[in-house]
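Here is the structure we will look at, set down as structure tokens.
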Protein chains: 2
Amino acid sequence: MDVSGRTYPQLALDLQLCFPLYAATRAVTKRYVTLLKGTGLTYPQYLVMLVLWEADEPLTVTTLGQRLRLDSGTLTPLLKRLETAGLVRRDRDPGDERRVLVSLTEEGRAMEEQVSGVPQQLGASMGITRDEALTLRDQLTELVDHLDTAESS
Amino acid sequence: MDVSGRTYPQLALDLQLCFPLYAATRAVTKRYVTLLKGTGLTYPQYLVMLVLWEADEPLTVTTLGQRLRLDSGTLTPLLKRLETAGLVRRDRDPGDERRVLVSLTEEGRAMEEQVSGVPQQLGASMGITRDEALTLRDQLTELVDHLDTAESS
DNA sequence: CACAACTATATTGCGCACAACTTAATCGCG
DNA sequence: CGCGATTAAGTTGTGCGCAATATAGTTGTG
């Protein structure tokens, strides 16, 4: 990138990491739209389903939020859509009426098989090796950890 | 991650790269909100301003969209907000009335100085070296290129 | 020059993200 | 027990992203 003549060349550099990160996420999301077409799931909905399949037990909204780093303002309407689609149930925890337990319906559980080929298809689209993917994952995880620590200021 | 006992362990693996990517973008965006507080800019608005500062001449909506991989559905309202804020002007190109030329106002140009410290502050929050950042950038750029190629199917 | 094809931007509708706030339930301290 | 503090989820409002569509301007071809 030519930064000659810029009064603030560091601003041009800011496009170099932050923009690719931003663009990569949107490209991945777009790819998922294609791969998930037929299930009716969006990418964030798919991530919620992954967590529920993994847990294999009812989870509260807060627990889901911790795993996905999302708050109730995002999750509540998303979960209502999954409920409307018949994939999950939302029941107040009888032991603590503040909590809502999100559990899979039979239909929701059955969808796991339907999307089981998605990760491999996405991997193929990304064109990177398993090792590269794992390295990338570690770098991104470290990034998130640092940014979470650097909150204030 | 324990994937023992999973019928579809590859789905658990799908959280390993795609989720960190998704989370990293949101964490970076959040960090920018803090760093840009005082300018009134959002992160996407800041990216648009970066492109305009870099170009140093009026750009059409399409050109901006190509640089940022965004379409008019996203850019038009965003640019209207920047116009309302007094940072850019939007004028029909007299030579081709279909085009809208987006140019910086004096106020918009002046903002470059105001945010000149942002990249360094963000770099500090990310806690990675310049070399790591460049490697990460290259991997993400490659990822985007592959995903753009893999459109259909 | 007419007119169909194309191009550039704008509009609409939906689903996130998230800050700020509200409501309801539970906890804990005196 | 009583009541303020805390916790969990939901609500509201704003700003993206993007697909689908609409509208207006331009171009190329006969």
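Simple scheme: letters A, B, ... for chains in structure tokens order, numbers from 1 for residues in each chain, numbers from 1 for ligands in the order shown.
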Please give the root-mean-square deviation of the Cα atoms once chain B has been least-squares fitted onto chain A, pairing every Cα in order.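 Least-squares fit of chain B onto chain A, C-alpha RMSD 0.1 Å.
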Write down as a ChimeraX atom specification the residues of stretch 3-149 of chain B whose backbone DSSP state falls under strand (DSSP E or B). /B:59-60,88-93,96-104
Write the selection just made, keeping N, CA and C atoms, as a compact mmCIF listing (two decimals), in the first residue's frame?
# COMPACT_ATOMS: atom_id res chain seq x y z
N LEU B 59 -15.29 10.29 -4.40
CA LEU B 59 -15.46 8.91 -4.88
C LEU B 59 -16.95 8.64 -5.07
N THR B 60 -17.25 7.77 -6.03
CA THR B 60 -18.65 7.39 -6.21
C THR B 60 -19.02 6.35 -5.15
N VAL B 88 -19.31 14.82 5.14
CA VAL B 88 -19.17 14.62 3.69
C VAL B 88 -20.28 15.37 2.96
N ARG B 89 -20.07 15.54 1.65
CA ARG B 89 -21.12 16.04 0.80
C ARG B 89 -21.44 14.95 -0.21
N ARG B 90 -22.69 14.91 -0.68
CA ARG B 90 -23.10 13.96 -1.71
C ARG B 90 -23.71 14.75 -2.85
N ASP B 91 -23.03 14.75 -3.99
CA ASP B 91 -23.52 15.51 -5.14
C ASP B 91 -23.60 14.59 -6.35
N ARG B 92 -24.67 14.73 -7.10
CA ARG B 92 -24.78 13.99 -8.35
C ARG B 92 -23.63 14.44 -9.27
N ASP B 93 -23.04 13.49 -9.95
CA ASP B 93 -22.00 13.79 -10.92
C ASP B 93 -22.66 14.48 -12.12
N ASP B 96 -22.57 12.45 -15.26
CA ASP B 96 -23.34 11.20 -15.30
C ASP B 96 -24.26 11.22 -14.09
N GLU B 97 -25.47 11.64 -14.34
CA GLU B 97 -26.40 11.89 -13.25
C GLU B 97 -26.80 10.64 -12.46
N ARG B 98 -26.36 9.48 -12.92
CA ARG B 98 -26.64 8.28 -12.12
C ARG B 98 -25.73 8.22 -10.91
N ARG B 99 -24.55 8.79 -11.04
CA ARG B 99 -23.54 8.69 -9.99
C ARG B 99 -23.70 9.77 -8.92
N VAL B 100 -23.32 9.37 -7.71
CA VAL B 100 -23.25 10.33 -6.61
C VAL B 100 -21.80 10.42 -6.17
N LEU B 101 -21.26 11.60 -6.19
CA LEU B 101 -19.88 11.80 -5.76
C LEU B 101 -19.85 12.17 -4.29
N VAL B 102 -19.11 11.38 -3.54
CA VAL B 102 -18.98 11.62 -2.11
C VAL B 102 -17.66 12.32 -1.86
N SER B 103 -17.73 13.50 -1.27
CA SER B 103 -16.50 14.25 -1.02
C SER B 103 -16.45 14.72 0.43
N LEU B 104 -15.26 14.97 0.90
CA LEU B 104 -15.07 15.42 2.28
C LEU B 104 -15.38 16.90 2.40
Selection: 6 Å around stretch 12-20 of chain A, only C-alpha atoms (C1' of nucleotides), excl. self and same-chain fewer than 3 positions, as a ChimeraX atom specification: /A:9,23-24 /B:119,137,140-141
Please return, as JSON, numbers by chain, all residues of chain B that DSSP assigns to helix (DSSP H, G or I) on the basis of the backbone. {"B": [9, 10, 11, 12, 13, 14, 15, 16, 17, 18, 19, 20, 21, 22, 23, 24, 25, 26, 27, 28, 29, 30, 31, 32, 33, 34, 35, 36, 43, 44, 45, 46, 47, 48, 49, 50, 51, 52, 53, 54, 55, 61, 62, 63, 64, 65, 66, 67, 68, 72, 73, 74, 75, 76, 77, 78, 79, 80, 81, 82, 83, 84, 106, 107, 108, 109, 110, 111, 112, 113, 114, 118, 119, 120, 121, 122, 123, 124, 125, 126, 130, 131, 132, 133, 134, 135, 136, 137, 138, 139, 140, 141, 142, 143, 144, 145, 146, 147, 148, 149]}
For chain A, report every residue with an atom at most 8 Å from chain B (counting only C-alpha atoms), formatted as a PyMOL selection string. chain A and resi 6+8+10-25+27-28+31+34+47+50+54+68-69+112-113+116+118-120+125-128+133-134+136-137+139-141+143-144+146-148+150-153
Writing out the chosen residues with C-alpha atoms as a PDB file, in the first residue's frame:
ATOM      1  CA  ARG A   6       0.034  10.876   3.668  1.00  0.00           C
ATOM      2  CA  TYR A   8      -1.160  10.318   8.802  1.00  0.00           C
ATOM      3  CA  GLN A  10      -0.820   5.094  10.290  1.00  0.00           C
ATOM      4  CA  LEU A  11      -4.450   5.568   9.282  1.00  0.00           C
ATOM      5  CA  ALA A  12      -3.813   3.809   5.988  1.00  0.00           C
ATOM      6  CA  LEU A  13      -2.251   0.968   7.972  1.00  0.00           C
ATOM      7  CA  ASP A  14      -5.421   0.737  10.013  1.00  0.00           C
ATOM      8  CA  LEU A  15      -7.129  -0.635   6.958  1.00  0.00           C
ATOM      9  CA  GLN A  16      -4.549  -3.384   6.804  1.00  0.00           C
ATOM     10  CA  LEU A  17      -5.636  -5.582   9.684  1.00  0.00           C
ATOM     11  CA  CYS A  18      -8.980  -4.313  10.868  1.00  0.00           C
ATOM     12  CA  PHE A  19     -10.572  -4.177   7.481  1.00  0.00           C
ATOM     13  CA  PRO A  20      -9.551  -7.739   6.425  1.00  0.00           C
ATOM     14  CA  LEU A  21     -10.877  -9.017   9.734  1.00  0.00           C
ATOM     15  CA  TYR A  22     -14.175  -7.227   9.166  1.00  0.00           C
ATOM     16  CA  ALA A  23     -14.358  -8.408   5.550  1.00  0.00           C
ATOM     17  CA  ALA A  24     -13.439 -11.999   6.438  1.00  0.00           C
ATOM     18  CA  THR A  25     -16.262 -12.287   8.932  1.00  0.00           C
ATOM     19  CA  ALA A  27     -17.424 -13.344   3.733  1.00  0.00           C
ATOM     20  CA  VAL A  28     -17.719 -16.320   6.088  1.00  0.00           C
ATOM     21  CA  ARG A  31     -20.832 -18.461   2.736  1.00  0.00           C
ATOM     22  CA  THR A  34     -25.494 -20.509   1.097  1.00  0.00           C
ATOM     23  CA  LEU A  47     -24.016 -20.952  16.244  1.00  0.00           C
ATOM     24  CA  LEU A  50     -24.112 -25.718  17.730  1.00  0.00           C
ATOM     25  CA  GLU A  54     -22.815 -29.630  22.115  1.00  0.00           C
ATOM     26  CA  LEU A  68     -21.270 -16.878  22.323  1.00  0.00           C
ATOM     27  CA  ARG A  69     -20.457 -13.519  23.910  1.00  0.00           C
ATOM     28  CA  GLU A 112     -27.876 -31.753  13.589  1.00  0.00           C
ATOM     29  CA  GLU A 113     -27.634 -34.531  11.037  1.00  0.00           C
ATOM     30  CA  SER A 116     -23.309 -32.295   9.580  1.00  0.00           C
ATOM     31  CA  VAL A 118     -21.418 -27.908   6.633  1.00  0.00           C
ATOM     32  CA  PRO A 119     -18.040 -27.610   8.398  1.00  0.00           C
ATOM     33  CA  GLN A 120     -16.288 -29.635   5.746  1.00  0.00           C
ATOM     34  CA  SER A 125     -14.367 -22.881   0.595  1.00  0.00           C
ATOM     35  CA  MET A 126     -11.778 -21.291   2.850  1.00  0.00           C
ATOM     36  CA  GLY A 127      -8.922 -23.036   1.106  1.00  0.00           C
ATOM     37  CA  ILE A 128      -6.720 -23.359   4.132  1.00  0.00           C
ATOM     38  CA  ALA A 133      -7.017 -22.964  10.591  1.00  0.00           C
ATOM     39  CA  LEU A 134      -5.857 -23.936  14.065  1.00  0.00           C
ATOM     40  CA  LEU A 136      -5.549 -18.684  12.891  1.00  0.00           C
ATOM     41  CA  ARG A 137      -7.972 -19.744  15.596  1.00  0.00           C
ATOM     42  CA  GLN A 139      -4.318 -15.888  17.064  1.00  0.00           C
ATOM     43  CA  LEU A 140      -7.914 -14.739  16.947  1.00  0.00           C
ATOM     44  CA  THR A 141      -8.651 -16.156  20.380  1.00  0.00           C
ATOM     45  CA  LEU A 143      -6.864 -11.154  20.111  1.00  0.00           C
ATOM     46  CA  VAL A 144     -10.283 -11.444  21.722  1.00  0.00           C
ATOM     47  CA  HIS A 146      -6.571  -9.009  24.885  1.00  0.00           C
ATOM     48  CA  LEU A 147      -9.403  -6.805  23.692  1.00  0.00           C
ATOM     49  CA  ASP A 148     -11.658  -8.016  26.483  1.00  0.00           C
ATOM     50  CA  ALA A 150      -8.401  -3.648  27.524  1.00  0.00           C
ATOM     51  CA  GLU A 151     -11.951  -2.528  28.186  1.00  0.00           C
ATOM     52  CA  SER A 152     -11.866   0.964  29.652  1.00  0.00           C
ATOM     53  CA  SER A 153      -9.745   3.999  28.668  1.00  0.00           C
TER      54      SER A 153
END
I want to know what sits within 10 Å of C:DT23, based on only C-alpha atoms (C1' of nucleotides), with residues of the same chain fewer than 3 positions away left out; could you give that as a VMD selection string? chain D and resid 9 to 11
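Relative to atom CA of A:Pro58, atom CA of A:Glu107 is found at 15.0 Å.
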Neighbouring residues of stretch 11-18 of chain C were defined as those with any atom within 8 Å, considering only C-alpha atoms (C1' of nucleotides); residues of the same chain fewer than 6 positions away were excluded. Please report them as a list in words.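 So the residues in contact are Pro44, Asp71, Gly73 and Thr74 of chain A; DA22 of chain D.
The interface of chain D with chain B at 10 Å, considering only C-alpha atoms (C1' of nucleotides), consists of DG15, DC16, DG17, DC18, DA19, DA24, DG25 and DT26 of chain D.
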Go ahead and write the residues just picked, N, CA and C atoms (P, O5', C5', C4', C3', O3' and C1' of nucleotides), as an mmCIF file, in the first residue's frame.
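So the final result, stored in part.cif, reads:
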data_model
loop_
_atom_site.group_PDB
_atom_site.id
_atom_site.type_symbol
_atom_site.label_atom_id
_atom_site.label_comp_id
_atom_site.auth_asym_id
_atom_site.auth_seq_id
_atom_site.Cartn_x
_atom_site.Cartn_y
_atom_site.Cartn_z
ATOM 1 P P DG D 15 -28.351 6.177 14.260
ATOM 2 O "O5'" DG D 15 -27.442 4.977 13.719
ATOM 3 C "C5'" DG D 15 -26.389 4.475 14.522
ATOM 4 C "C4'" DG D 15 -25.884 3.193 13.909
ATOM 5 C "C3'" DG D 15 -25.746 3.229 12.382
ATOM 6 O "O3'" DG D 15 -24.502 2.667 12.020
ATOM 7 C "C1'" DG D 15 -27.015 1.368 13.021
ATOM 8 P P DC D 16 -23.797 2.967 10.615
ATOM 9 O "O5'" DC D 16 -24.561 1.975 9.623
ATOM 10 C "C5'" DC D 16 -23.883 0.939 8.971
ATOM 11 C "C4'" DC D 16 -23.675 -0.241 9.886
ATOM 12 C "C3'" DC D 16 -23.292 -1.505 9.156
ATOM 13 O "O3'" DC D 16 -22.455 -2.280 9.993
ATOM 14 C "C1'" DC D 16 -25.347 -1.829 10.237
ATOM 15 P P DG D 17 -21.458 -3.365 9.387
ATOM 16 O "O5'" DG D 17 -22.422 -4.403 8.665
ATOM 17 C "C5'" DG D 17 -22.222 -4.709 7.335
ATOM 18 C "C4'" DG D 17 -23.104 -5.872 6.981
ATOM 19 C "C3'" DG D 17 -23.102 -6.098 5.483
ATOM 20 O "O3'" DG D 17 -22.868 -7.464 5.285
ATOM 21 C "C1'" DG D 17 -25.331 -5.846 6.267
ATOM 22 P P DC D 18 -22.450 -7.955 3.821
ATOM 23 O "O5'" DC D 18 -23.847 -8.281 3.144
ATOM 24 C "C5'" DC D 18 -24.671 -9.267 3.744
ATOM 25 C "C4'" DC D 18 -26.032 -9.232 3.097
ATOM 26 C "C3'" DC D 18 -26.004 -8.976 1.577
ATOM 27 O "O3'" DC D 18 -26.856 -9.903 0.963
ATOM 28 C "C1'" DC D 18 -27.570 -7.604 2.590
ATOM 29 P P DA D 19 -26.421 -10.610 -0.392
ATOM 30 O "O5'" DA D 19 -27.798 -11.259 -0.874
ATOM 31 C "C5'" DA D 19 -28.588 -11.982 0.070
ATOM 32 C "C4'" DA D 19 -30.051 -11.691 -0.175
ATOM 33 C "C3'" DA D 19 -30.435 -11.653 -1.649
ATOM 34 O "O3'" DA D 19 -31.621 -12.406 -1.836
ATOM 35 C "C1'" DA D 19 -31.088 -9.622 -0.581
ATOM 36 P P DA D 24 -38.366 7.787 -11.219
ATOM 37 O "O5'" DA D 24 -37.060 8.523 -11.748
ATOM 38 C "C5'" DA D 24 -35.981 8.725 -10.842
ATOM 39 C "C4'" DA D 24 -34.679 8.575 -11.578
ATOM 40 C "C3'" DA D 24 -34.672 9.220 -12.965
ATOM 41 O "O3'" DA D 24 -33.581 10.102 -13.012
ATOM 42 C "C1'" DA D 24 -33.758 7.044 -13.044
ATOM 43 P P DG D 25 -33.436 11.136 -14.259
ATOM 44 O "O5'" DG D 25 -32.059 10.663 -14.918
ATOM 45 C "C5'" DG D 25 -30.908 10.569 -14.101
ATOM 46 C "C4'" DG D 25 -29.880 9.732 -14.812
ATOM 47 C "C3'" DG D 25 -29.545 10.205 -16.232
ATOM 48 O "O3'" DG D 25 -28.141 10.334 -16.330
ATOM 49 C "C1'" DG D 25 -30.050 7.890 -16.222
ATOM 50 P P DT D 26 -27.458 10.876 -17.656
ATOM 51 O "O5'" DT D 26 -26.991 9.536 -18.369
ATOM 52 C "C5'" DT D 26 -26.094 8.681 -17.674
ATOM 53 C "C4'" DT D 26 -25.756 7.479 -18.546
ATOM 54 C "C3'" DT D 26 -25.291 7.813 -19.970
ATOM 55 O "O3'" DT D 26 -24.057 7.144 -20.177
ATOM 56 C "C1'" DT D 26 -26.958 6.134 -20.000
#
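Rounded to one decimal, atom C1' of C:DT9 and atom CA of B:Gly65 lie 11.7 Å from each other.
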Taking only C-alpha atoms (C1' of nucleotides) into account, produce a table as a Markdown table in which each residue of chain C with an atom at most 8 Å from an atom of chain B appears once, together with its shortest atom pair and the distance in Å to one decimal, ordered by chain and rising number.
| residue | atom | partner | partner_atom | distance |
| --- | --- | --- | --- | --- |
| C:DT7 | C1' | B:Arg98 | CA | 8.0 |
| C:DA8 | C1' | B:Arg98 | CA | 5.0 |
| C:DT9 | C1' | B:Arg98 | CA | 6.7 |
| C:DA10 | C1' | B:Thr76 | CA | 7.3 |
Any chance you could export the current selection's N, CA and C atoms (P, O5', C5', C4', C3', O3' and C1' of nucleotides) as a PDB file, in the first residue's frame?
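Okay, this is what ended up in result-v6.pdb:
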ATOM      1  P    DT C   7     -23.561  -3.354 -17.202  1.00  0.00           P
ATOM      2  O5'  DT C   7     -23.747  -1.962 -16.442  1.00  0.00           O
ATOM      3  C5'  DT C   7     -23.452  -0.740 -17.107  1.00  0.00           C
ATOM      4  C4'  DT C   7     -23.814   0.405 -16.205  1.00  0.00           C
ATOM      5  C3'  DT C   7     -23.373   0.210 -14.755  1.00  0.00           C
ATOM      6  O3'  DT C   7     -22.591   1.327 -14.384  1.00  0.00           O
ATOM      7  C1'  DT C   7     -25.655   0.870 -14.869  1.00  0.00           C
ATOM      8  P    DA C   8     -21.907   1.440 -12.955  1.00  0.00           P
ATOM      9  O5'  DA C   8     -22.959   2.373 -12.224  1.00  0.00           O
ATOM     10  C5'  DA C   8     -23.062   3.740 -12.592  1.00  0.00           C
ATOM     11  C4'  DA C   8     -23.922   4.452 -11.568  1.00  0.00           C
ATOM     12  C3'  DA C   8     -23.537   4.166 -10.109  1.00  0.00           C
ATOM     13  O3'  DA C   8     -23.420   5.408  -9.419  1.00  0.00           O
ATOM     14  C1'  DA C   8     -25.831   3.638 -10.475  1.00  0.00           C
ATOM     15  P    DT C   9     -22.960   5.434  -7.885  1.00  0.00           P
ATOM     16  O5'  DT C   9     -24.367   5.492  -7.136  1.00  0.00           O
ATOM     17  C5'  DT C   9     -25.230   6.592  -7.443  1.00  0.00           C
ATOM     18  C4'  DT C   9     -26.623   6.318  -6.949  1.00  0.00           C
ATOM     19  C3'  DT C   9     -26.770   6.159  -5.436  1.00  0.00           C
ATOM     20  O3'  DT C   9     -27.433   7.329  -4.970  1.00  0.00           O
ATOM     21  C1'  DT C   9     -28.163   4.645  -6.648  1.00  0.00           C
ATOM     22  P    DA C  10     -27.862   7.483  -3.430  1.00  0.00           P
ATOM     23  O5'  DA C  10     -29.320   6.836  -3.407  1.00  0.00           O
ATOM     24  C5'  DA C  10     -30.336   7.355  -4.257  1.00  0.00           C
ATOM     25  C4'  DA C  10     -31.633   6.620  -4.006  1.00  0.00           C
ATOM     26  C3'  DA C  10     -32.020   6.477  -2.529  1.00  0.00           C
ATOM     27  O3'  DA C  10     -33.383   6.853  -2.409  1.00  0.00           O
ATOM     28  C1'  DA C  10     -32.056   4.353  -3.572  1.00  0.00           C
TER      29       DA C  10
END
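Pairwise distance (atom CA of B:Thr105, atom CA of B:Leu36) equals 19.0 Å.
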